[in-house]
file final01.txt (compact mmCIF, C-alpha atoms and all ligand atoms)
# COMPACT_ATOMS: atom_id res chain seq x y z
CA MET N 1 52.02 145.96 176.94
CA PRO N 2 53.95 147.31 173.91
CA ALA N 3 57.31 145.61 173.21
CA THR N 4 60.30 147.70 174.26
CA GLY N 5 62.93 145.55 172.57
CA ALA N 6 64.26 142.04 171.97
CA ARG N 7 64.32 139.78 175.02
CA PRO N 8 65.93 136.39 174.40
CA LEU N 9 64.60 133.77 176.83
CA GLY N 10 65.83 134.10 180.38
CA VAL N 11 67.09 137.66 179.93
CA GLU N 12 65.43 140.53 181.79
CA ASP N 13 67.44 143.68 181.16
CA GLU N 14 68.64 145.53 178.03
CA ALA N 15 72.35 144.95 178.58
CA GLY N 16 71.78 141.21 179.01
CA ALA N 17 69.54 141.08 175.92
CA ALA N 18 72.14 142.84 173.74
CA GLU N 19 74.90 140.54 174.97
CA ALA N 20 72.82 137.40 174.35
CA VAL N 21 71.96 138.55 170.81
CA ARG N 22 75.57 139.45 170.02
CA LYS N 23 76.86 136.10 171.27
CA MET N 24 74.19 134.21 169.33
CA PHE N 25 75.13 135.91 166.04
CA ASP N 26 78.83 135.43 166.75
CA SER N 27 78.18 131.71 167.18
CA ILE N 28 76.05 131.19 164.05
CA ALA N 29 78.08 133.48 161.74
CA PRO N 30 79.76 130.61 159.81
CA ARG N 31 76.37 129.10 158.91
CA TYR N 32 74.30 132.28 158.73
CA ASP N 33 74.19 132.71 154.94
CA LEU N 34 73.29 129.08 154.29
CA LEU N 35 70.63 129.18 157.00
CA ASN N 36 69.13 132.37 155.58
CA HIS N 37 68.94 131.20 151.98
CA VAL N 38 67.55 127.77 152.81
CA LEU N 39 64.94 129.03 155.27
CA SER N 40 63.71 131.76 152.92
CA ALA N 41 64.05 129.70 149.70
CA ASN N 42 66.24 132.58 148.44
CA ILE N 43 63.37 135.08 148.63
CA ASP N 44 65.60 137.13 150.94
CA ARG N 45 67.69 138.13 147.89
CA LEU N 46 64.60 139.69 146.27
CA TRP N 47 63.75 141.50 149.49
CA TRP N 48 67.24 143.06 149.84
CA ARG N 49 67.22 144.16 146.18
CA ARG N 50 63.71 145.59 146.42
CA ALA N 51 64.53 147.48 149.62
CA ALA N 52 67.71 148.91 148.06
CA ARG N 53 65.80 150.04 144.94
CA ARG N 54 63.42 152.04 147.12
CA PHE N 55 66.38 154.32 147.91
CA ARG N 56 67.77 154.43 144.37
CA ALA N 57 67.65 158.25 144.19
CA VAL N 58 69.79 158.86 147.26
CA LEU N 59 72.15 155.96 146.47
CA ALA N 60 72.79 157.49 143.04
CA GLN N 61 74.29 160.60 144.67
CA PRO N 62 78.09 160.02 144.87
CA GLU N 63 78.49 162.08 148.07
CA ALA N 64 75.52 160.58 149.94
CA ALA N 65 76.48 159.30 153.41
CA VAL N 66 74.85 155.88 153.83
CA LEU N 67 74.81 153.48 156.79
CA ASP N 68 73.71 149.84 156.69
CA ILE N 69 73.24 149.12 160.40
CA CYS N 70 73.08 145.50 161.64
CA CYS N 71 74.69 144.65 158.29
CA GLY N 72 75.66 141.13 159.40
CA THR N 73 77.21 139.18 156.55
CA GLY N 74 76.48 142.04 154.19
CA ASP N 75 73.87 140.99 151.65
CA LEU N 76 71.83 144.18 151.93
CA THR N 77 75.10 146.14 151.74
CA MET N 78 75.90 144.37 148.47
CA ALA N 79 72.46 145.24 147.07
CA LEU N 80 73.01 148.89 148.05
CA LEU N 81 76.48 148.93 146.48
CA LYS N 82 75.03 147.83 143.14
CA LEU N 83 73.14 151.13 143.03
CA ARG N 84 76.13 153.33 143.89
CA PRO N 85 77.97 155.09 141.07
CA ARG N 86 81.69 154.47 140.49
CA GLY N 87 83.89 156.51 142.80
CA ALA N 88 81.02 157.03 145.25
CA ARG N 89 81.68 157.69 148.93
CA PRO N 90 81.97 154.29 150.66
CA ILE N 91 78.91 152.99 152.51
CA LEU N 92 79.34 152.41 156.25
CA ALA N 93 78.37 148.85 157.16
CA ALA N 94 78.05 148.36 160.92
CA ASP N 95 77.31 145.45 163.23
CA PHE N 96 78.20 144.59 166.83
CA SER N 97 78.93 140.92 166.08
CA ARG N 98 82.59 140.75 165.08
CA ASN N 99 82.16 137.36 163.41
CA MET N 100 79.20 138.45 161.29
CA LEU N 101 80.98 141.67 160.30
CA ALA N 102 84.19 139.84 159.37
CA ARG N 103 82.24 137.67 156.93
CA GLY N 104 80.47 140.70 155.52
CA ALA N 105 83.72 142.60 155.02
CA ARG N 106 84.99 139.82 152.73
CA LYS N 107 82.03 140.57 150.43
CA PHE N 108 81.66 144.34 150.61
CA GLY N 109 85.02 145.61 151.91
CA GLY N 110 87.44 147.72 149.92
CA PRO N 111 90.79 146.70 148.38
CA SER N 112 92.24 145.45 151.69
CA PHE N 113 89.47 142.79 151.91
CA ARG N 114 89.05 141.66 148.29
CA PRO N 115 90.46 142.50 144.88
CA ILE N 116 88.31 145.22 143.32
CA ALA N 117 88.70 147.57 140.42
CA ALA N 118 89.77 151.12 141.16
CA SER N 119 86.77 153.35 141.86
CA ALA N 120 84.43 150.35 142.33
CA PRO N 121 81.95 151.14 145.13
CA TYR N 122 82.71 149.46 148.47
CA ALA N 123 81.73 149.61 152.13
CA ILE N 124 83.73 150.27 155.28
CA PRO N 125 83.06 147.72 158.05
CA LEU N 126 82.42 149.28 161.44
CA GLU N 127 82.06 147.30 164.66
CA ALA N 128 79.42 149.30 166.49
CA ASP N 129 76.25 149.06 168.55
CA ALA N 130 73.15 150.45 166.85
CA LEU N 131 72.06 152.03 170.12
CA HIS N 132 75.36 153.94 170.54
CA LEU N 133 76.62 154.82 167.07
CA PRO N 134 80.12 156.34 166.94
CA LEU N 135 78.86 158.91 164.43
CA ALA N 136 78.27 162.65 164.58
CA ASP N 137 74.81 164.20 164.88
CA LYS N 138 73.15 164.97 161.53
CA SER N 139 75.85 163.21 159.50
CA LEU N 140 73.92 160.67 157.36
CA ASP N 141 71.63 160.92 154.34
CA LEU N 142 70.31 157.37 154.59
CA ILE N 143 70.15 154.59 157.21
CA VAL N 144 68.94 151.15 156.20
CA THR N 145 68.73 147.92 158.12
CA ALA N 146 67.55 144.43 157.21
CA PHE N 147 66.32 141.92 159.79
CA GLY N 148 68.41 143.59 162.49
CA PHE N 149 66.05 146.12 164.05
CA ARG N 150 63.93 143.36 165.62
CA ASN N 151 66.99 142.30 167.62
CA LEU N 152 67.63 145.67 169.26
CA ALA N 153 67.26 145.67 173.02
CA ASN N 154 65.22 148.90 172.88
CA TYR N 155 63.30 149.86 169.71
CA GLU N 156 62.55 153.41 170.79
CA ALA N 157 66.21 154.03 171.71
CA GLY N 158 67.21 152.65 168.28
CA LEU N 159 64.85 154.99 166.46
CA ARG N 160 66.09 157.93 168.53
CA GLU N 161 69.73 157.08 167.80
CA PHE N 162 69.01 156.85 164.05
CA HIS N 163 67.18 160.18 164.25
CA ARG N 164 70.21 161.76 165.98
CA VAL N 165 72.66 160.79 163.24
CA LEU N 166 70.37 161.49 160.26
CA LYS N 167 70.61 164.85 158.54
CA PRO N 168 67.37 166.84 158.38
CA GLY N 169 65.56 165.36 155.39
CA GLY N 170 67.55 162.10 155.76
CA GLN N 171 65.78 158.79 155.12
CA LEU N 172 65.33 155.60 157.10
CA GLY N 173 64.47 152.11 155.80
CA ILE N 174 63.82 149.13 158.08
CA LEU N 175 63.29 145.75 156.42
CA GLU N 176 61.78 143.31 158.92
CA PHE N 177 59.71 140.18 159.18
CA SER N 178 56.09 140.38 160.17
CA GLU N 179 53.29 137.93 160.75
CA PRO N 180 50.72 137.91 157.93
CA GLY N 181 47.05 137.44 158.72
CA GLY N 182 44.38 135.23 157.09
CA LEU N 183 44.91 131.79 155.57
CA ILE N 184 48.41 132.62 154.35
CA GLY N 185 49.25 133.65 157.89
CA LYS N 186 48.02 130.34 159.28
CA ALA N 187 50.02 128.29 156.76
CA TYR N 188 53.06 130.45 157.31
CA ALA N 189 52.78 130.09 161.09
CA VAL N 190 53.04 126.30 160.74
CA TYR N 191 56.17 126.67 158.63
CA PHE N 192 57.68 129.36 160.81
CA ARG N 193 57.02 127.82 164.20
CA ARG N 194 57.39 124.10 163.44
CA LEU N 195 59.31 123.44 160.22
CA LEU N 196 61.77 126.32 160.38
CA PRO N 197 63.24 125.44 163.80
CA ALA N 198 63.67 121.82 162.66
CA ILE N 199 65.50 122.85 159.45
CA GLY N 200 67.52 125.39 161.43
CA ARG N 201 68.59 122.70 163.87
CA MET N 202 69.82 120.56 160.99
CA ILE N 203 71.87 123.39 159.48
CA ILE N 204 73.35 124.86 162.64
CA GLY N 205 73.59 121.58 164.47
CA ARG N 206 72.35 121.01 167.97
CA VAL N 207 73.73 123.83 170.09
CA SER N 208 73.43 124.60 173.74
CA GLY N 209 70.65 127.01 174.57
CA GLY N 210 67.67 124.65 174.62
CA LYS N 211 64.50 126.63 174.05
CA ASP N 212 66.62 129.70 173.40
CA ALA N 213 68.71 128.13 170.63
CA PRO N 214 69.08 130.39 167.56
CA TYR N 215 66.50 128.46 165.50
CA ASN N 216 63.89 129.00 168.22
CA TYR N 217 64.86 132.63 168.72
CA LEU N 218 63.88 133.63 165.15
CA PRO N 219 60.16 132.71 165.35
CA SER N 220 59.85 133.85 168.94
CA SER N 221 61.47 137.24 168.21
CA VAL N 222 59.20 137.80 165.19
CA GLY N 223 56.15 136.86 167.31
CA LYS N 224 57.11 139.45 169.93
CA PHE N 225 57.95 142.21 167.43
CA PRO N 226 55.36 145.02 167.28
CA PRO N 227 52.95 144.76 164.32
CA PRO N 228 53.23 147.46 161.61
CA PRO N 229 50.66 149.94 163.04
CA GLU N 230 52.42 149.87 166.41
CA LEU N 231 55.91 150.37 164.99
CA LEU N 232 54.67 153.14 162.68
CA ALA N 233 53.15 154.91 165.71
CA LEU N 234 56.49 154.60 167.53
CA MET N 235 58.32 156.04 164.50
CA GLN N 236 55.95 158.98 164.44
CA SER N 237 56.26 159.63 168.16
CA THR N 238 60.07 159.62 167.92
CA GLY N 239 60.00 162.45 165.39
CA TYR N 240 59.87 160.84 161.95
CA ALA N 241 57.68 162.04 159.08
CA ALA N 242 56.14 160.19 156.13
CA CYS N 243 56.14 156.90 158.04
CA ALA N 244 54.91 154.01 155.90
CA TRP N 245 55.06 150.23 155.65
CA GLN N 246 55.17 148.32 152.36
CA PRO N 247 54.42 144.59 152.71
CA TYR N 248 56.64 142.15 150.81
CA THR N 249 55.54 138.62 149.81
CA PHE N 250 52.05 138.53 151.43
CA GLY N 251 53.37 140.50 154.42
CA ILE N 252 55.89 137.87 155.52
CA ALA N 253 58.33 140.76 155.47
CA GLY N 254 57.96 144.45 154.81
CA LEU N 255 59.82 147.71 154.47
CA TYR N 256 59.23 150.55 156.92
CA THR N 257 60.22 153.92 155.49
CA ALA N 258 60.36 157.34 157.10
CA SER N 259 62.30 160.56 156.95
CA LYS N 260 63.65 163.05 159.44
CA PRO N 261 61.73 166.25 158.83
CA PRO N 262 63.75 169.03 157.18
CA ILE N 263 64.13 172.10 159.36
CA VAL N 264 61.48 174.67 158.42
C1 LIG N 301 69.38 138.60 161.33
S1 LIG N 301 70.94 139.37 161.17
C2 LIG N 301 70.71 140.36 159.71
C3 LIG N 301 71.98 140.59 158.96
C4 LIG N 301 71.82 141.24 157.59
N1 LIG N 301 71.36 142.60 157.69
C5 LIG N 301 70.91 140.44 156.69
O1 LIG N 301 69.93 141.00 156.19
O2 LIG N 301 71.20 139.27 156.48
C6 LIG N 301 70.86 140.58 162.45
C7 LIG N 301 72.19 141.31 162.68
O3 LIG N 301 71.93 142.38 163.58
C8 LIG N 301 73.07 142.53 164.41
N2 LIG N 301 72.67 143.29 165.60
C9 LIG N 301 71.69 143.00 166.46
N3 LIG N 301 71.63 143.95 167.42
C10 LIG N 301 72.59 144.85 167.13
C11 LIG N 301 73.01 146.06 167.73
N4 LIG N 301 72.46 146.53 168.86
N5 LIG N 301 74.01 146.76 167.17
C12 LIG N 301 74.61 146.31 166.03
N6 LIG N 301 74.27 145.15 165.42
C13 LIG N 301 73.26 144.44 165.96
C14 LIG N 301 73.48 141.08 164.71
O4 LIG N 301 74.79 140.99 165.18
C15 LIG N 301 73.25 140.43 163.34
O5 LIG N 301 74.43 140.45 162.56
call {"tool": "encode", "arguments": {"input": "final01.txt", "output": "structure tokens"}}
result
Amino acid sequence: MPATGARPLGVEDEAGAAEAVRKMFDSIAPRYDLLNHVLSANIDRLWWRRAARRFRAVLAQPEAAVLDICCGTGDLTMALLKLRPRGARPILAADFSRNMLARGARKFGGPSFRPIAASAPYAIPLEADALHLPLADKSLDLIVTAFGFRNLANYEAGLREFHRVLKPGGQLGILEFSEPGGLIGKAYAVYFRRLLPAIGRMIIGRVSGGKDAPYNYLPSSVGKFPPPPELLALMQSTGYAACAWQPYTFGIAGLYTASKPPIV
């Protein structure tokens, strides 16, 4: 049966799944950056930069309305900001975990969060649920998300919500993990399912949650996430055009891209 959305262990319904995910990120926020960089050997930095570069043309437009949804502690937002011209309209950086967002805002926020030069590009933090964005229909030129989409309680509802707020011709980029095939896939599976939870446990510390502790959630959520052909089919059926997937680093991660068709 195709996956409908994230389901942390022991949770059956969408509201419960969203609440469990939000609480988990709230609890690991202080250690999230360290965990990320150690577990990915810093390759995540290359992935954020590469994903941002894919949207260089739209980011270069000062008036472009850009949303980084599930921005967390803001590293993709920072990569996007590097490609914004001085004086550009601020990026919106949204997440439903207050603790993750607070950490992000210290990196990407405007003058009230950190000292920045006048006209330096910045982002506005927005506490919001990706499935119920407090944004007008057809208001955005670009939506990007890194490693957040997998956590949504309903993938189709997420794609529909993004479609609602994108302008006709607007673009979508979803950076997500995937499970590579072949020999690389086998070696990676050993790392991902055995070594990664052990390292994660050392960094986060032993937390309550047992089998559903954050370091177990990552591999299990990637294992349950639809493979690229399935997600691309879902993107097409929810009204997107030019749907494509570009594998990164042997397909350990990859960037889904699509656009909302312009009105003809
Ligand atoms: C793995 S982190 C990724 C953070 C950041 N984008 C990065 O690349 O490091 C996933 C983020 O998605 C957020 N998230 C998950 N579901 C969400 C939802 N329904 N609405 C808003 N944020 C959500 C979590 O709170 C968390 O901060």
call {"tool": "residues_near_ligand", "arguments": {"input": "final01.txt", "ligand": "ligand LIG 301 (chain N)", "cutoff": "6 Å", "atoms": "all atoms listed in the file", "output": "PyMOL selection string"}}
result
chain N and resi 22+25+70-76+95-97+100+128-131+145-148+151-152
call {"tool": "closest_residue", "arguments": {"input": "final01.txt", "among": "N:Gly5, N:Gly254, N:Pro197, N:Gly10", "to": "Leu175 in chain N", "atoms": "all atoms listed in the file"}}
result
N:Gly254
call {"tool": "atom_distance", "arguments": {"input": "final01.txt", "atom1": "CA of Ala189 in chain N", "atom2": "CA of Ile203 in chain N"}}
result
20.3 Å
call {"tool": "residues_around", "arguments": {"input": "final01.txt", "residues": "Val66 in chain N", "least_positions_apart": "6", "cutoff": "8 Å", "atoms": "only C-alpha atoms", "output": "list in words"}}
result
Leu59, Pro90, Ile91, Leu92, Leu140, Asp141, Leu142, Ile143 and Val144 of chain N
call {"tool": "atom_distance", "arguments": {"input": "final01.txt", "atom1": "CA of Ala94 in chain N", "atom2": "CA of Ile69 in chain N"}}
result
4.9 Å
call {"tool": "residues_around", "arguments": {"input": "final01.txt", "residues": "range 179-182 of chain N", "least_positions_apart": "3", "cutoff": "8 Å", "atoms": "only C-alpha atoms", "output": "PyMOL selection string"}}
result
chain N and resi 185-186+188-189+222-223+227+250-253
call {"tool": "atom_distance", "arguments": {"input": "final01.txt", "atom1": "CA of Ser27 in chain N", "atom2": "CA of Ala93 in chain N"}}
result
19.9 Å
call {"tool": "closest_residue", "arguments": {"input": "final01.txt", "among": "N:Arg103, N:Lys260, N:Arg98, N:Arg45", "to": "Arg164 in chain N", "atoms": "only C-alpha atoms"}}
result
N:Lys260
call {"tool": "residues_near_point", "arguments": {"input": "final01.txt", "point": "(76.7, 157.4, 144.5)", "cutoff": "6 Å", "atoms": "all atoms listed in the file", "output": "VMD selection string"}}
result
chain N and resid 59 to 62 84 to 85 88
call {"tool": "closest_residue", "arguments": {"input": "final01.txt", "among": "N:Arg54, N:Arg201, N:Arg86, N:Lys167", "to": "Thr257 in chain N", "atoms": "only C-alpha atoms"}}
result
N:Arg54
call {"tool": "closest_residue", "arguments": {"input": "final01.txt", "among": "N:Ser221, N:Ser237, N:Asn42, N:Ser259", "to": "Phe162 in chain N", "atoms": "only C-alpha atoms"}}
result
N:Ser259
call {"tool": "closest_residue", "arguments": {"input": "final01.txt", "among": "N:Gly173, N:Pro121, N:Pro262, N:Pro219", "to": "Ala198 in chain N", "atoms": "all atoms listed in the file"}}
result
N:Pro219
call {"tool": "closest_residue", "arguments": {"input": "final01.txt", "among": "N:Ala102, N:Val190, N:Ala233, N:Ala153", "to": "Ala17 in chain N", "atoms": "only C-alpha atoms"}}
result
N:Ala153
call {"tool": "residues_around", "arguments": {"input": "final01.txt", "residues": "Pro261 in chain N", "least_positions_apart": "2", "cutoff": "7 Å", "atoms": "all atoms listed in the file", "output": "list of chain:residue names"}}
result
N:Pro168, N:Gly169, N:Tyr240, N:Ala241, N:Ser259, N:Ile263
call {"tool": "decode", "arguments": {"input": "final01.txt", "residues": "range 27-40 of chain N", "atoms": "all heavy atoms", "output": "PDB file, in the first residue's frame"}}
result
ATOM      1  N   SER N  27      12.516  18.269  21.104  1.00  0.00           N
ATOM      2  CA  SER N  27      13.407  17.700  22.128  1.00  0.00           C
ATOM      3  C   SER N  27      14.858  17.580  21.638  1.00  0.00           C
ATOM      4  O   SER N  27      15.776  17.704  22.428  1.00  0.00           O
ATOM      5  CB  SER N  27      12.877  16.337  22.613  1.00  0.00           C
ATOM      6  OG  SER N  27      13.120  15.363  21.628  1.00  0.00           O
ATOM      7  N   ILE N  28      15.064  17.363  20.339  1.00  0.00           N
ATOM      8  CA  ILE N  28      16.457  17.191  19.883  1.00  0.00           C
ATOM      9  C   ILE N  28      17.074  18.486  19.339  1.00  0.00           C
ATOM     10  O   ILE N  28      18.242  18.498  18.962  1.00  0.00           O
ATOM     11  CB  ILE N  28      16.601  16.071  18.811  1.00  0.00           C
ATOM     12  CG1 ILE N  28      15.837  16.420  17.533  1.00  0.00           C
ATOM     13  CG2 ILE N  28      16.187  14.720  19.366  1.00  0.00           C
ATOM     14  CD1 ILE N  28      16.170  15.493  16.365  1.00  0.00           C
ATOM     15  N   ALA N  29      16.290  19.576  19.331  1.00  0.00           N
ATOM     16  CA  ALA N  29      16.780  20.830  18.725  1.00  0.00           C
ATOM     17  C   ALA N  29      18.185  21.234  19.199  1.00  0.00           C
ATOM     18  O   ALA N  29      19.031  21.595  18.370  1.00  0.00           O
ATOM     19  CB  ALA N  29      15.774  21.959  18.965  1.00  0.00           C
ATOM     20  N   PRO N  30      18.494  21.166  20.515  1.00  0.00           N
ATOM     21  CA  PRO N  30      19.825  21.627  20.934  1.00  0.00           C
ATOM     22  C   PRO N  30      20.972  20.819  20.323  1.00  0.00           C
ATOM     23  O   PRO N  30      22.083  21.314  20.201  1.00  0.00           O
ATOM     24  CB  PRO N  30      19.802  21.449  22.462  1.00  0.00           C
ATOM     25  CG  PRO N  30      18.356  21.363  22.830  1.00  0.00           C
ATOM     26  CD  PRO N  30      17.656  20.761  21.644  1.00  0.00           C
ATOM     27  N   ARG N  31      20.712  19.564  19.958  1.00  0.00           N
ATOM     28  CA  ARG N  31      21.788  18.705  19.437  1.00  0.00           C
ATOM     29  C   ARG N  31      21.652  18.453  17.934  1.00  0.00           C
ATOM     30  O   ARG N  31      22.434  17.691  17.359  1.00  0.00           O
ATOM     31  CB  ARG N  31      21.763  17.348  20.162  1.00  0.00           C
ATOM     32  CG  ARG N  31      21.977  17.477  21.638  1.00  0.00           C
ATOM     33  CD  ARG N  31      23.231  16.787  22.033  1.00  0.00           C
ATOM     34  NE  ARG N  31      23.915  17.538  23.049  1.00  0.00           N
ATOM     35  CZ  ARG N  31      25.138  17.284  23.451  1.00  0.00           C
ATOM     36  NH1 ARG N  31      25.805  16.319  22.896  1.00  0.00           N
ATOM     37  NH2 ARG N  31      25.697  17.982  24.383  1.00  0.00           N
ATOM     38  N   TYR N  32      20.626  19.038  17.326  1.00  0.00           N
ATOM     39  CA  TYR N  32      20.302  18.680  15.939  1.00  0.00           C
ATOM     40  C   TYR N  32      21.462  18.953  14.970  1.00  0.00           C
ATOM     41  O   TYR N  32      21.822  18.084  14.168  1.00  0.00           O
ATOM     42  CB  TYR N  32      19.041  19.427  15.480  1.00  0.00           C
ATOM     43  CG  TYR N  32      18.711  19.147  14.037  1.00  0.00           C
ATOM     44  CD1 TYR N  32      18.043  17.981  13.678  1.00  0.00           C
ATOM     45  CD2 TYR N  32      19.119  20.004  13.024  1.00  0.00           C
ATOM     46  CE1 TYR N  32      17.770  17.692  12.344  1.00  0.00           C
ATOM     47  CE2 TYR N  32      18.851  19.725  11.691  1.00  0.00           C
ATOM     48  CZ  TYR N  32      18.176  18.570  11.362  1.00  0.00           C
ATOM     49  OH  TYR N  32      17.921  18.283  10.046  1.00  0.00           O
ATOM     50  N   ASP N  33      22.073  20.121  15.046  1.00  0.00           N
ATOM     51  CA  ASP N  33      23.121  20.462  14.079  1.00  0.00           C
ATOM     52  C   ASP N  33      24.306  19.508  14.201  1.00  0.00           C
ATOM     53  O   ASP N  33      24.819  18.998  13.200  1.00  0.00           O
ATOM     54  CB  ASP N  33      23.596  21.911  14.268  1.00  0.00           C
ATOM     55  CG  ASP N  33      22.602  22.908  13.681  1.00  0.00           C
ATOM     56  OD1 ASP N  33      21.651  22.480  13.012  1.00  0.00           O
ATOM     57  OD2 ASP N  33      22.781  24.118  13.903  1.00  0.00           O
ATOM     58  N   LEU N  34      24.710  19.251  15.450  1.00  0.00           N
ATOM     59  CA  LEU N  34      25.846  18.351  15.674  1.00  0.00           C
ATOM     60  C   LEU N  34      25.518  16.958  15.120  1.00  0.00           C
ATOM     61  O   LEU N  34      26.308  16.351  14.382  1.00  0.00           O
ATOM     62  CB  LEU N  34      26.138  18.277  17.184  1.00  0.00           C
ATOM     63  CG  LEU N  34      27.242  17.312  17.581  1.00  0.00           C
ATOM     64  CD1 LEU N  34      28.587  17.767  17.023  1.00  0.00           C
ATOM     65  CD2 LEU N  34      27.341  17.215  19.121  1.00  0.00           C
ATOM     66  N   LEU N  35      24.331  16.493  15.453  1.00  0.00           N
ATOM     67  CA  LEU N  35      23.885  15.164  15.003  1.00  0.00           C
ATOM     68  C   LEU N  35      23.939  15.068  13.474  1.00  0.00           C
ATOM     69  O   LEU N  35      24.511  14.133  12.907  1.00  0.00           O
ATOM     70  CB  LEU N  35      22.447  14.967  15.493  1.00  0.00           C
ATOM     71  CG  LEU N  35      21.814  13.601  15.285  1.00  0.00           C
ATOM     72  CD1 LEU N  35      22.481  12.576  16.183  1.00  0.00           C
ATOM     73  CD2 LEU N  35      20.318  13.653  15.627  1.00  0.00           C
ATOM     74  N   ASN N  36      23.387  16.084  12.830  1.00  0.00           N
ATOM     75  CA  ASN N  36      23.335  16.127  11.369  1.00  0.00           C
ATOM     76  C   ASN N  36      24.728  16.056  10.745  1.00  0.00           C
ATOM     77  O   ASN N  36      24.975  15.261   9.840  1.00  0.00           O
ATOM     78  CB  ASN N  36      22.761  17.489  10.975  1.00  0.00           C
ATOM     79  CG  ASN N  36      21.528  17.353  10.153  1.00  0.00           C
ATOM     80  OD1 ASN N  36      21.082  16.245   9.891  1.00  0.00           O
ATOM     81  ND2 ASN N  36      20.973  18.458   9.748  1.00  0.00           N
ATOM     82  N   HIS N  37      25.629  16.916  11.235  1.00  0.00           N
ATOM     83  CA  HIS N  37      26.943  17.011  10.599  1.00  0.00           C
ATOM     84  C   HIS N  37      27.759  15.750  10.848  1.00  0.00           C
ATOM     85  O   HIS N  37      28.456  15.268   9.963  1.00  0.00           O
ATOM     86  CB  HIS N  37      27.691  18.260  11.074  1.00  0.00           C
ATOM     87  CG  HIS N  37      26.940  19.535  10.784  1.00  0.00           C
ATOM     88  ND1 HIS N  37      26.204  19.700   9.629  1.00  0.00           N
ATOM     89  CD2 HIS N  37      26.789  20.683  11.476  1.00  0.00           C
ATOM     90  CE1 HIS N  37      25.635  20.901   9.642  1.00  0.00           C
ATOM     91  NE2 HIS N  37      25.967  21.506  10.755  1.00  0.00           N
ATOM     92  N   VAL N  38      27.643  15.183  12.044  1.00  0.00           N
ATOM     93  CA  VAL N  38      28.408  13.967  12.333  1.00  0.00           C
ATOM     94  C   VAL N  38      27.859  12.807  11.494  1.00  0.00           C
ATOM     95  O   VAL N  38      28.618  12.087  10.829  1.00  0.00           O
ATOM     96  CB  VAL N  38      28.344  13.611  13.839  1.00  0.00           C
ATOM     97  CG1 VAL N  38      28.936  12.236  14.099  1.00  0.00           C
ATOM     98  CG2 VAL N  38      29.081  14.664  14.659  1.00  0.00           C
ATOM     99  N   LEU N  39      26.552  12.641  11.508  1.00  0.00           N
ATOM    100  CA  LEU N  39      25.964  11.482  10.817  1.00  0.00           C
ATOM    101  C   LEU N  39      26.164  11.545   9.305  1.00  0.00           C
ATOM    102  O   LEU N  39      26.230  10.518   8.644  1.00  0.00           O
ATOM    103  CB  LEU N  39      24.471  11.365  11.135  1.00  0.00           C
ATOM    104  CG  LEU N  39      24.127  11.031  12.585  1.00  0.00           C
ATOM    105  CD1 LEU N  39      22.618  10.910  12.758  1.00  0.00           C
ATOM    106  CD2 LEU N  39      24.800   9.734  13.044  1.00  0.00           C
ATOM    107  N   SER N  40      26.265  12.755   8.763  1.00  0.00           N
ATOM    108  CA  SER N  40      26.404  12.839   7.301  1.00  0.00           C
ATOM    109  C   SER N  40      27.840  13.152   6.907  1.00  0.00           C
ATOM    110  O   SER N  40      28.111  13.361   5.723  1.00  0.00           O
ATOM    111  CB  SER N  40      25.493  13.940   6.753  1.00  0.00           C
ATOM    112  OG  SER N  40      26.047  15.202   7.042  1.00  0.00           O
TER     113      SER N  40
END
